[in-house]
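This report refers to the structure that appears directly beneath it.
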Amino acid sequence: MLIAPHFLIGTAIAVYVPEAGPAALAAITSHFVLDSIPHRDTIGGFHLNKANIIMEIFDAIVTFGLFFMLVPRQLWGYGLLISGVAILPDILAIPGLFWPKWYQLPIIKPFHHWHTKIIQYRTNLNWFWGLLPQILMTLVSVWLIVRMN
């Protein structure tokens with residue numbers, strides 16, 4: 001999935017759960033639940049191409065813009081921490097884009113296999129159906145965050 005659904009669900013969790021331990025557990029769990037929903041998050045077959053890089057930059061700008069507009073300033077640190085936990089599995093995959101042997105490291109290999117091959121249901125969704133669940137989850141997240149304020 002794109003950054004926005006993962007990060008903003010993590011933000012909603014942070015807004016509603018003031019204890020860091022349960023919030024972090026809920027945030028990391030939310031990542032895998034969201035990834036199990038059929039979706040599309042790349043243009044073409046490879047992550048490192050111009051279209052994907054532009055899309056990810058736009059996604060990050062929108063995500064962080066929403067975060068800083070919607071979250072009260074006193075929750076920024078905690079919100080960023082819990083939202084960071086929500087995107088942690090994808091952050092752990094980044095080194096493998098530049099150094100493929102990363103995915104063969106003993107602790108990374110089983111996690112990467114589980115994260116990409118087991119829970120992420122692969123389909124050939126067109127862009128509308130591939131983005132729809134991500135847009136809906138982003139809107140639900142925004143609604144939850146706004147509702148709490």
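Residue numbering restarts at 1 in every chain; chains get A, B, ... in the order shown in the structure tokens, and ligands count up from 1 in that same order.
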Query raised in the report: Leaving out Leu8 in chain A and any residue of its chain fewer than 2 positions from it, which residues lie within 10 Å of it when counting only C-alpha atoms, given as a ChimeraX atom specification?
Result: /A:3-6,10-14,27,63-64,66-67,79-80,82-84,86-87,137-142,144-145
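Closest approach to Ile91 in chain A among A:Lys50, A:His31, A:Arg73, A:Arg40 is made by A:His31 (distances from only C-alpha atoms).
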Query raised in the report: Expressed in Å to a single decimal, how great is the separation between CA of His47 in chain A and CA of Leu125 in chain A?
Result: 16.7 Å
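The space separating CA of Gln120 in chain A from CA of Val33 in chain A comes to 9.4 Å.
Nearest residue to Phe128 in chain A among A:Val15, A:Phe32, A:Leu25, A:Pro38 is A:Pro38, counting only C-alpha atoms.
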Each residue of range 112-143 of chain A with at least one atom at most 12 Å from range 96-108 of chain A should appear once, together with its nearest atom pair and the corresponding distance in Å (one decimal); atoms considered: only C-alpha atoms; ordering: chain, then increasing residue number; output as CSV.
```
residue,atom,partner,partner_atom,distance
A:His112,CA,A:Ile108,CA,5.8
A:His113,CA,A:Ile108,CA,8.4
A:Trp114,CA,A:Ile108,CA,9.9
A:His115,CA,A:Ile108,CA,10.2
A:Thr116,CA,A:Tyr103,CA,11.1
```
Query raised in the report: Out of range 2-147 of chain A, which residues get helix (DSSP H, G or I) from DSSP, as a ChimeraX atom specification?
Result: /A:3-16,20-35,50-70,73-98,100-104,108-118,127-147
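Residues in contact with range 129-131 of chain A at 9 Å, where only C-alpha atoms are counted and same-chain residues fewer than 4 positions away are skipped, are listed as Met1, Leu2, Pro38, His39, Arg40, Asp41, Asn124, Leu125, Ile135 and Leu136 of chain A.
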Using the selection just defined, write its residues with C-alpha atoms as a PDB file, in the first residue's frame.
```pdb
ATOM      1  CA  MET A   1       0.000   0.000   0.000  1.00  0.00           C
ATOM      2  CA  LEU A   2       0.961   3.607  -0.334  1.00  0.00           C
ATOM      3  CA  PRO A  38      -5.965  -6.416  -2.512  1.00  0.00           C
ATOM      4  CA  HIS A  39      -4.392  -3.191  -3.758  1.00  0.00           C
ATOM      5  CA  ARG A  40      -1.990  -1.731  -6.277  1.00  0.00           C
ATOM      6  CA  ASP A  41       0.903   0.480  -5.278  1.00  0.00           C
ATOM      7  CA  ASN A 124      -3.668  -7.683 -11.632  1.00  0.00           C
ATOM      8  CA  LEU A 125      -5.997  -4.955 -10.437  1.00  0.00           C
ATOM      9  CA  ILE A 135      -8.364   5.990  -0.767  1.00  0.00           C
ATOM     10  CA  LEU A 136     -11.157   4.637   1.420  1.00  0.00           C
TER      11      LEU A 136
END
```
